[in-house]
Each structure stands twice: as structure tokens, then as C-alpha cells.
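Participant: So here's model.cif, just mmCIF, N, CA and C atoms:
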```
data_upload
loop_
_atom_site.group_PDB
_atom_site.id
_atom_site.type_symbol
_atom_site.label_atom_id
_atom_site.label_comp_id
_atom_site.auth_asym_id
_atom_site.auth_seq_id
_atom_site.Cartn_x
_atom_site.Cartn_y
_atom_site.Cartn_z
ATOM 1 N N MET A 1 20.340 -77.070 -87.496
ATOM 2 C CA MET A 1 19.226 -76.815 -88.380
ATOM 3 C C MET A 1 19.786 -76.405 -89.730
ATOM 4 N N ILE A 2 19.195 -76.909 -90.761
ATOM 5 C CA ILE A 2 19.621 -76.568 -92.108
ATOM 6 C C ILE A 2 18.370 -76.313 -92.946
ATOM 7 N N LEU A 3 18.335 -75.154 -93.602
ATOM 8 C CA LEU A 3 17.249 -74.841 -94.526
ATOM 9 C C LEU A 3 17.826 -74.914 -95.928
ATOM 10 N N ARG A 4 17.224 -75.767 -96.756
ATOM 11 C CA ARG A 4 17.707 -75.974 -98.120
ATOM 12 C C ARG A 4 16.630 -75.618 -99.132
ATOM 13 N N ARG A 5 17.091 -75.280 -100.331
ATOM 14 C CA ARG A 5 16.181 -75.107 -101.462
ATOM 15 C C ARG A 5 15.818 -76.486 -101.999
ATOM 16 N N THR A 6 14.876 -76.536 -102.929
ATOM 17 C CA THR A 6 14.457 -77.825 -103.483
ATOM 18 C C THR A 6 15.579 -78.539 -104.218
ATOM 19 N N ASP A 7 16.579 -77.792 -104.700
ATOM 20 C CA ASP A 7 17.714 -78.422 -105.378
ATOM 21 C C ASP A 7 18.785 -78.905 -104.395
ATOM 22 N N GLY A 8 18.571 -78.697 -103.097
ATOM 23 C CA GLY A 8 19.501 -79.155 -102.076
ATOM 24 C C GLY A 8 20.511 -78.116 -101.637
ATOM 25 N N SER A 9 20.581 -76.989 -102.324
ATOM 26 C CA SER A 9 21.538 -75.959 -101.918
ATOM 27 C C SER A 9 21.093 -75.314 -100.599
ATOM 28 N N VAL A 10 22.057 -74.930 -99.806
ATOM 29 C CA VAL A 10 21.799 -74.431 -98.455
ATOM 30 C C VAL A 10 21.397 -72.958 -98.487
ATOM 31 N N ILE A 11 20.294 -72.640 -97.808
ATOM 32 C CA ILE A 11 19.890 -71.253 -97.609
ATOM 33 C C ILE A 11 20.581 -70.733 -96.349
ATOM 34 N N PHE A 12 20.503 -71.498 -95.273
ATOM 35 C CA PHE A 12 21.257 -71.183 -94.069
ATOM 36 C C PHE A 12 21.397 -72.426 -93.216
ATOM 37 N N ALA A 13 22.354 -72.374 -92.316
ATOM 38 C CA ALA A 13 22.557 -73.427 -91.326
ATOM 39 C C ALA A 13 22.810 -72.743 -89.981
ATOM 40 N N ALA A 14 22.324 -73.334 -88.929
ATOM 41 C CA ALA A 14 22.475 -72.732 -87.603
ATOM 42 C C ALA A 14 22.516 -73.828 -86.550
ATOM 43 N N TYR A 15 23.013 -73.470 -85.394
ATOM 44 C CA TYR A 15 22.947 -74.375 -84.257
ATOM 45 C C TYR A 15 22.654 -73.561 -83.012
ATOM 46 N N SER A 16 22.229 -74.231 -81.989
ATOM 47 C CA SER A 16 21.870 -73.558 -80.756
ATOM 48 C C SER A 16 22.168 -74.486 -79.584
ATOM 49 N N CYS A 17 22.558 -73.906 -78.477
ATOM 50 C CA CYS A 17 22.756 -74.687 -77.253
ATOM 51 C C CYS A 17 21.493 -74.606 -76.413
ATOM 52 N N ILE A 18 21.076 -75.737 -75.894
ATOM 53 C CA ILE A 18 19.939 -75.783 -74.977
ATOM 54 C C ILE A 18 20.520 -76.090 -73.604
ATOM 55 N N PHE A 19 20.426 -75.137 -72.696
ATOM 56 C CA PHE A 19 21.104 -75.274 -71.412
ATOM 57 C C PHE A 19 20.338 -76.114 -70.402
ATOM 58 N N ASN A 20 19.029 -76.128 -70.483
ATOM 59 C CA ASN A 20 18.225 -76.914 -69.548
ATOM 60 C C ASN A 20 17.353 -77.885 -70.320
ATOM 61 N N CYS A 21 17.912 -79.010 -70.652
ATOM 62 C CA CYS A 21 17.204 -80.004 -71.443
ATOM 63 C C CYS A 21 17.115 -81.305 -70.643
ATOM 64 N N ASN A 22 15.905 -81.839 -70.525
ATOM 65 C CA ASN A 22 15.703 -83.031 -69.709
ATOM 66 C C ASN A 22 16.019 -84.333 -70.423
ATOM 67 N N ASP A 23 15.800 -84.377 -71.754
ATOM 68 C CA ASP A 23 16.041 -85.626 -72.479
ATOM 69 C C ASP A 23 16.152 -85.345 -73.979
ATOM 70 N N ALA A 24 16.417 -86.400 -74.727
ATOM 71 C CA ALA A 24 16.616 -86.263 -76.175
ATOM 72 C C ALA A 24 15.350 -85.783 -76.885
ATOM 73 N N LEU A 25 14.179 -86.233 -76.445
ATOM 74 C CA LEU A 25 12.932 -85.816 -77.080
ATOM 75 C C LEU A 25 12.733 -84.307 -76.936
ATOM 76 N N GLU A 26 13.002 -83.784 -75.771
ATOM 77 C CA GLU A 26 12.870 -82.343 -75.580
ATOM 78 C C GLU A 26 13.823 -81.580 -76.506
ATOM 79 N N ALA A 27 15.038 -82.072 -76.660
ATOM 80 C CA ALA A 27 16.011 -81.436 -77.554
ATOM 81 C C ALA A 27 15.515 -81.473 -79.004
ATOM 82 N N GLU A 28 14.954 -82.600 -79.429
ATOM 83 C CA GLU A 28 14.440 -82.727 -80.795
ATOM 84 C C GLU A 28 13.264 -81.783 -81.038
ATOM 85 N N ILE A 29 12.335 -81.719 -80.090
ATOM 86 C CA ILE A 29 11.168 -80.846 -80.241
ATOM 87 C C ILE A 29 11.612 -79.384 -80.257
ATOM 88 N N HIS A 30 12.554 -79.053 -79.397
ATOM 89 C CA HIS A 30 13.068 -77.680 -79.354
ATOM 90 C C HIS A 30 13.735 -77.320 -80.680
ATOM 91 N N ALA A 31 14.507 -78.242 -81.239
ATOM 92 C CA ALA A 31 15.163 -78.002 -82.530
ATOM 93 C C ALA A 31 14.130 -77.828 -83.647
ATOM 94 N N LEU A 32 13.067 -78.641 -83.635
ATOM 95 C CA LEU A 32 11.999 -78.482 -84.626
ATOM 96 C C LEU A 32 11.388 -77.083 -84.535
ATOM 97 N N MET A 33 11.095 -76.658 -83.313
ATOM 98 C CA MET A 33 10.473 -75.360 -83.115
ATOM 99 C C MET A 33 11.374 -74.235 -83.614
ATOM 100 N N GLN A 34 12.642 -74.269 -83.248
ATOM 101 C CA GLN A 34 13.562 -73.214 -83.673
ATOM 102 C C GLN A 34 13.761 -73.231 -85.191
ATOM 103 N N GLY A 35 13.878 -74.410 -85.762
ATOM 104 C CA GLY A 35 14.036 -74.524 -87.205
ATOM 105 C C GLY A 35 12.828 -74.002 -87.953
ATOM 106 N N MET A 36 11.645 -74.294 -87.442
ATOM 107 C CA MET A 36 10.418 -73.817 -88.083
ATOM 108 C C MET A 36 10.337 -72.295 -88.016
ATOM 109 N N ALA A 37 10.701 -71.718 -86.878
ATOM 110 C CA ALA A 37 10.676 -70.260 -86.725
ATOM 111 C C ALA A 37 11.654 -69.601 -87.695
ATOM 112 N N LEU A 38 12.838 -70.168 -87.838
ATOM 113 C CA LEU A 38 13.822 -69.617 -88.773
ATOM 114 C C LEU A 38 13.383 -69.787 -90.220
ATOM 115 N N ALA A 39 12.757 -70.905 -90.532
ATOM 116 C CA ALA A 39 12.272 -71.140 -91.899
ATOM 117 C C ALA A 39 11.229 -70.101 -92.290
ATOM 118 N N ILE A 40 10.366 -69.723 -91.371
ATOM 119 C CA ILE A 40 9.354 -68.699 -91.639
ATOM 120 C C ILE A 40 10.024 -67.372 -91.976
ATOM 121 N N GLN A 41 11.125 -67.081 -91.309
ATOM 122 C CA GLN A 41 11.834 -65.815 -91.546
ATOM 123 C C GLN A 41 12.572 -65.790 -92.882
ATOM 124 N N HIS A 42 12.989 -66.946 -93.375
ATOM 125 C CA HIS A 42 13.877 -67.000 -94.538
ATOM 126 C C HIS A 42 13.245 -67.538 -95.814
ATOM 127 N N SER A 43 11.998 -67.953 -95.762
ATOM 128 C CA SER A 43 11.375 -68.536 -96.951
ATOM 129 C C SER A 43 9.873 -68.308 -96.927
ATOM 130 N N GLU A 44 9.304 -68.119 -98.095
ATOM 131 C CA GLU A 44 7.859 -67.961 -98.236
ATOM 132 C C GLU A 44 7.180 -69.276 -98.629
ATOM 133 N N LEU A 45 7.971 -70.284 -98.927
ATOM 134 C CA LEU A 45 7.457 -71.550 -99.460
ATOM 135 C C LEU A 45 7.049 -72.512 -98.358
ATOM 136 N N PRO A 46 6.253 -73.524 -98.698
ATOM 137 C CA PRO A 46 5.995 -74.602 -97.731
ATOM 138 C C PRO A 46 7.324 -75.249 -97.329
ATOM 139 N N VAL A 47 7.384 -75.763 -96.118
ATOM 140 C CA VAL A 47 8.631 -76.297 -95.579
ATOM 141 C C VAL A 47 8.465 -77.778 -95.255
ATOM 142 N N ILE A 48 9.380 -78.603 -95.761
ATOM 143 C CA ILE A 48 9.431 -80.008 -95.387
ATOM 144 C C ILE A 48 10.338 -80.113 -94.166
ATOM 145 N N VAL A 49 9.785 -80.570 -93.065
ATOM 146 C CA VAL A 49 10.533 -80.700 -91.816
ATOM 147 C C VAL A 49 11.020 -82.130 -91.707
ATOM 148 N N GLN A 50 12.323 -82.316 -91.785
ATOM 149 C CA GLN A 50 12.903 -83.658 -91.710
ATOM 150 C C GLN A 50 13.541 -83.868 -90.342
ATOM 151 N N SER A 51 13.315 -85.042 -89.793
ATOM 152 C CA SER A 51 13.909 -85.416 -88.516
ATOM 153 C C SER A 51 14.060 -86.925 -88.468
ATOM 154 N N ASP A 52 15.037 -87.370 -87.686
ATOM 155 C CA ASP A 52 15.180 -88.808 -87.479
ATOM 156 C C ASP A 52 14.413 -89.261 -86.238
ATOM 157 N N SER A 53 13.667 -88.352 -85.624
ATOM 158 C CA SER A 53 12.888 -88.670 -84.425
ATOM 159 C C SER A 53 11.400 -88.769 -84.772
ATOM 160 N N SER A 54 10.901 -89.989 -84.853
ATOM 161 C CA SER A 54 9.473 -90.208 -85.137
ATOM 162 C C SER A 54 8.599 -89.563 -84.083
ATOM 163 N N GLU A 55 9.016 -89.675 -82.831
ATOM 164 C CA GLU A 55 8.216 -89.149 -81.729
ATOM 165 C C GLU A 55 8.113 -87.622 -81.797
ATOM 166 N N ALA A 56 9.201 -86.961 -82.140
ATOM 167 C CA ALA A 56 9.172 -85.501 -82.263
ATOM 168 C C ALA A 56 8.289 -85.076 -83.429
ATOM 169 N N LEU A 57 8.355 -85.792 -84.538
ATOM 170 C CA LEU A 57 7.529 -85.443 -85.702
ATOM 171 C C LEU A 57 6.038 -85.597 -85.422
ATOM 172 N N LEU A 58 5.675 -86.462 -84.480
ATOM 173 C CA LEU A 58 4.263 -86.617 -84.124
ATOM 174 C C LEU A 58 3.664 -85.316 -83.604
ATOM 175 N N VAL A 59 4.501 -84.444 -83.047
ATOM 176 C CA VAL A 59 4.029 -83.150 -82.564
ATOM 177 C C VAL A 59 3.432 -82.339 -83.708
ATOM 178 N N LEU A 60 3.978 -82.492 -84.915
ATOM 179 C CA LEU A 60 3.470 -81.754 -86.067
ATOM 180 C C LEU A 60 2.152 -82.319 -86.568
ATOM 181 N N LYS A 61 1.842 -83.549 -86.201
ATOM 182 C CA LYS A 61 0.638 -84.204 -86.698
ATOM 183 C C LYS A 61 -0.533 -84.155 -85.723
ATOM 184 N N GLY A 62 -0.277 -83.760 -84.475
ATOM 185 C CA GLY A 62 -1.352 -83.754 -83.495
ATOM 186 C C GLY A 62 -0.924 -83.089 -82.216
ATOM 187 N N ASP A 63 -1.759 -83.220 -81.216
ATOM 188 C CA ASP A 63 -1.443 -82.583 -79.933
ATOM 189 C C ASP A 63 -1.249 -83.616 -78.823
ATOM 190 N N ASN A 64 -0.690 -84.764 -79.183
ATOM 191 C CA ASN A 64 -0.554 -85.846 -78.218
ATOM 192 C C ASN A 64 0.390 -85.506 -77.066
ATOM 193 N N LEU A 65 1.251 -84.510 -77.205
ATOM 194 C CA LEU A 65 2.161 -84.133 -76.128
ATOM 195 C C LEU A 65 1.790 -82.786 -75.504
ATOM 196 N N SER A 66 0.637 -82.234 -75.864
ATOM 197 C CA SER A 66 0.282 -80.894 -75.400
ATOM 198 C C SER A 66 0.104 -80.823 -73.887
ATOM 199 N N ARG A 67 -0.224 -81.931 -73.249
ATOM 200 C CA ARG A 67 -0.394 -81.940 -71.783
ATOM 201 C C ARG A 67 0.825 -82.510 -71.064
ATOM 202 N N SER A 68 1.926 -82.616 -71.783
ATOM 203 C CA SER A 68 3.143 -83.163 -71.197
ATOM 204 C C SER A 68 4.060 -82.028 -70.741
ATOM 205 N N ALA A 69 5.232 -82.396 -70.295
ATOM 206 C CA ALA A 69 6.240 -81.406 -69.898
ATOM 207 C C ALA A 69 6.694 -80.572 -71.089
ATOM 208 N N TYR A 70 6.393 -81.041 -72.292
ATOM 209 C CA TYR A 70 6.778 -80.322 -73.508
ATOM 210 C C TYR A 70 5.649 -79.444 -74.042
ATOM 211 N N GLY A 71 4.598 -79.273 -73.263
ATOM 212 C CA GLY A 71 3.408 -78.557 -73.717
ATOM 213 C C GLY A 71 3.685 -77.164 -74.247
ATOM 214 N N HIS A 72 4.601 -76.432 -73.614
ATOM 215 C CA HIS A 72 4.905 -75.077 -74.077
ATOM 216 C C HIS A 72 5.561 -75.096 -75.457
ATOM 217 N N LEU A 73 6.391 -76.097 -75.728
ATOM 218 C CA LEU A 73 7.013 -76.230 -77.045
ATOM 219 C C LEU A 73 5.981 -76.645 -78.092
ATOM 220 N N VAL A 74 5.102 -77.550 -77.710
ATOM 221 C CA VAL A 74 4.039 -78.009 -78.613
ATOM 222 C C VAL A 74 3.138 -76.834 -78.989
ATOM 223 N N ALA A 75 2.794 -76.001 -78.027
ATOM 224 C CA ALA A 75 1.942 -74.838 -78.301
ATOM 225 C C ALA A 75 2.624 -73.887 -79.284
ATOM 226 N N GLU A 76 3.918 -73.673 -79.114
ATOM 227 C CA GLU A 76 4.650 -72.795 -80.031
ATOM 228 C C GLU A 76 4.700 -73.391 -81.441
ATOM 229 N N ILE A 77 4.911 -74.698 -81.542
ATOM 230 C CA ILE A 77 4.937 -75.356 -82.846
ATOM 231 C C ILE A 77 3.575 -75.245 -83.524
ATOM 232 N N GLN A 78 2.509 -75.449 -82.779
ATOM 233 C CA GLN A 78 1.164 -75.341 -83.350
ATOM 234 C C GLN A 78 0.890 -73.920 -83.829
ATOM 235 N N PHE A 79 1.388 -72.927 -83.108
ATOM 236 C CA PHE A 79 1.252 -71.539 -83.547
ATOM 237 C C PHE A 79 2.002 -71.321 -84.866
ATOM 238 N N LEU A 80 3.243 -71.818 -84.946
ATOM 239 C CA LEU A 80 4.049 -71.669 -86.150
ATOM 240 C C LEU A 80 3.402 -72.357 -87.345
ATOM 241 N N MET A 81 2.736 -73.478 -87.100
ATOM 242 C CA MET A 81 2.085 -74.213 -88.182
ATOM 243 C C MET A 81 0.919 -73.415 -88.781
ATOM 244 N N GLY A 82 0.394 -72.462 -88.038
ATOM 245 C CA GLY A 82 -0.645 -71.590 -88.567
ATOM 246 C C GLY A 82 -0.079 -70.531 -89.512
ATOM 247 N N GLU A 83 1.226 -70.315 -89.441
ATOM 248 C CA GLU A 83 1.878 -69.305 -90.265
ATOM 249 C C GLU A 83 2.288 -69.825 -91.640
ATOM 250 N N ARG A 84 2.536 -71.117 -91.746
ATOM 251 C CA ARG A 84 3.095 -71.684 -92.980
ATOM 252 C C ARG A 84 2.725 -73.152 -93.047
ATOM 253 N N GLU A 85 2.816 -73.716 -94.234
ATOM 254 C CA GLU A 85 2.601 -75.156 -94.386
ATOM 255 C C GLU A 85 3.905 -75.882 -94.062
ATOM 256 N N PHE A 86 3.839 -76.780 -93.094
ATOM 257 C CA PHE A 86 4.981 -77.609 -92.719
ATOM 258 C C PHE A 86 4.613 -79.064 -92.968
ATOM 259 N N ILE A 87 5.480 -79.760 -93.680
ATOM 260 C CA ILE A 87 5.242 -81.148 -94.050
ATOM 261 C C ILE A 87 6.265 -82.016 -93.327
ATOM 262 N N PRO A 88 5.827 -82.837 -92.361
ATOM 263 C CA PRO A 88 6.787 -83.679 -91.634
ATOM 264 C C PRO A 88 7.298 -84.832 -92.497
ATOM 265 N N SER A 89 8.573 -85.139 -92.340
ATOM 266 C CA SER A 89 9.202 -86.221 -93.101
ATOM 267 C C SER A 89 10.226 -86.936 -92.216
ATOM 268 N N LYS A 90 9.996 -88.216 -92.018
ATOM 269 C CA LYS A 90 10.925 -89.035 -91.222
ATOM 270 C C LYS A 90 12.095 -89.466 -92.100
ATOM 271 N N ILE A 91 13.299 -89.256 -91.591
ATOM 272 C CA ILE A 91 14.495 -89.711 -92.297
ATOM 273 C C ILE A 91 15.291 -90.613 -91.375
ATOM 274 N N LYS A 92 16.182 -91.398 -91.944
ATOM 275 C CA LYS A 92 17.032 -92.280 -91.148
ATOM 276 C C LYS A 92 18.103 -91.463 -90.447
ATOM 277 N N ARG A 93 18.586 -91.979 -89.330
ATOM 278 C CA ARG A 93 19.599 -91.269 -88.552
ATOM 279 C C ARG A 93 20.838 -90.943 -89.389
ATOM 280 N N ASP A 94 21.264 -91.869 -90.241
ATOM 281 C CA ASP A 94 22.471 -91.615 -91.032
ATOM 282 C C ASP A 94 22.243 -90.550 -92.104
ATOM 283 N N GLN A 95 20.985 -90.250 -92.431
ATOM 284 C CA GLN A 95 20.672 -89.157 -93.361
ATOM 285 C C GLN A 95 20.685 -87.806 -92.662
ATOM 286 N N ASN A 96 20.766 -87.810 -91.358
ATOM 287 C CA ASN A 96 20.679 -86.594 -90.559
ATOM 288 C C ASN A 96 22.038 -86.173 -90.002
ATOM 289 N N ARG A 97 23.106 -86.753 -90.522
ATOM 290 C CA ARG A 97 24.443 -86.473 -90.000
ATOM 291 C C ARG A 97 24.819 -85.013 -90.099
ATOM 292 N N VAL A 98 24.415 -84.346 -91.159
ATOM 293 C CA VAL A 98 24.784 -82.934 -91.338
ATOM 294 C C VAL A 98 24.213 -82.095 -90.205
ATOM 295 N N ALA A 99 22.954 -82.314 -89.854
ATOM 296 C CA ALA A 99 22.323 -81.537 -88.786
ATOM 297 C C ALA A 99 22.843 -81.929 -87.409
ATOM 298 N N ASP A 100 23.161 -83.206 -87.236
ATOM 299 C CA ASP A 100 23.674 -83.654 -85.931
ATOM 300 C C ASP A 100 25.096 -83.172 -85.733
#
```
Kindly transcribe the structure held in the file into C-alpha cells.

Facilitator:
Amino acid sequence: MILRRTDGSVIFAAYSCIFNCNDALEAEIHALMQGMALAIQHSELPVIVQSDSSEALLVLKGDNLSRSAYGHLVAEIQFLMGEREFIPSKIKRDQNRVAD
């Protein structure tokens, strides 16, 4: 996870291990949730959430996965979205090398 200012300078960078992860989508959703929680702690501004996973970003736009195995993560993301403005942005995989 990387939180940057509008000029691109880094506010903070972090990583986390997920010990019980079923698939790549769960890892992406979990990373979105953790990144959003950290962004709330470190910035008062609206946050652009960038990911190379279109499916994970859909969680920010609706509740299409709320009844899935990822429902608990979706609920947490929806709660966080009530705290701050989050703007989803799809990026190409090669643009996400720093976070990967």
C-alpha cells in the first residue's frame, strides 16, 4: 500500500501478510480495505484508490460481493467509505509495480 500526495510524493508505504487467503481477489479486497483504513488515519483529503483489479474496485462502487465469502471485507469497506470520500481508479498492472 502506498499513500501519496497529489504531487506524487510518498506519505507512507506499508505491506502486510495475509495468512489465510483463498484467492487473488480476496487478497486485493483485503489490501483495499487496509489501505483505506490507513489513508483515513494519515490524511484528511479525499482518497483516490488505485488498483489493477477491476473486480476488487467494483466493491467500492456497489455491494455485488456483499453476500459472497468476502462479505465481511465488503462490509468493512462500506463502513470506511462513510468516513471519507474514496474515488476508485483502475490502473494497468505495470503501473502497479511499486505496490506489488

Participant: Name the closest residue to Met81 of chain A among the candidates A:Ile48, A:Ala56, A:Met36, A:Ala27; distances are taken between atoms, counting only N, CA and C atoms.

Facilitator: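 Comparing A:Ile48, A:Ala56, A:Met36, A:Ala27 against Met81 of chain A, the winner is A:Met36.
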
Participant: Apply the PyMOL selection byres (((chain A and resi 43 and name CA) around 12) and name CA) to the file shown and report the selected residues as a list of chain:residue names.

Facilitator: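 Selected by the PyMOL selection byres (((chain A and resi 43 and name CA) around 12) and name CA) in this file: A:Leu3, A:Arg4, A:Arg5, A:Thr6, A:Ile11, A:Phe12, A:Gly35, A:Met36, A:Ala37, A:Leu38, A:Ala39, A:Ile40, A:Gln41, A:His42, A:Glu44, A:Leu45, A:Pro46, A:Val47, A:Ile48, A:Glu83, A:Arg84, A:Glu85, A:Phe86.
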
Participant: With distances taken over only C-alpha atoms, which residue among A:Ala75, A:Val49, A:Val10, A:Val59 lies nearest Ile91 of chain A?

Facilitator: A:Val49

Participant: Can you list what the PyMOL selection byres ((chain A and resi 53) around 8) grabs from this structure, as a ChimeraX atom specification?

Facilitator: /A:25,28,50-52,54-58,89-93

Participant: How many Å separate atom C of Met33 of chain A from atom N of Tyr70 of chain A?

Facilitator: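 For atom C of Met33 of chain A relative to atom N of Tyr70 of chain A, the distance reads 14.1 Å.
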
Participant: How far is it from atom CA of Lys61 of chain A to atom CA of Ser9 of chain A, in Å with one decimal?

Facilitator: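 Pair atom CA of Lys61 of chain A / atom CA of Ser9 of chain A returns 27.1 Å.
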
Participant: Could you write out as AutoDock Vina command-line options the box around segment 78-94 of chain A (axis-aligned, all atoms listed in the file, 5 Å on each side), with centre and edge lengths in Å to one decimal?

Facilitator:
```
--center_x 10.9 --center_y -80.8 --center_z -88.6 --size_x 33.1 --size_y 33.0 --size_z 21.6
```

Participant: Pick the closest to Ile2 of chain A from A:Gln34, A:Ala69, A:Ile29, A:Cys17: which is it, counting only C-alpha atoms?

Facilitator: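 For Ile2 of chain A, the nearest of the given residues is A:Gln34.
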
Participant: Mind listing the strand (DSSP E) residues of chain A, per DSSP on the backbone, as a ChimeraX atom specification?

Facilitator: /A:2-4,10-13,47-51,86-90

Participant: If you run DSSP on the backbone here, which positions in segment 2-100 of chain A get alpha helix (DSSP H)? Please write them as a PyMOL selection string.

Facilitator: chain A and resi 24-42+54-61+71-81

Participant: So the first atom is atom CA of Asn64 of chain A and the second is atom CA of Ala24 of chain A; what is the distance between them in Å, to one decimal place?

Facilitator: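 We find that atom CA of Asn64 of chain A and atom CA of Ala24 of chain A lie 17.3 Å from each other.
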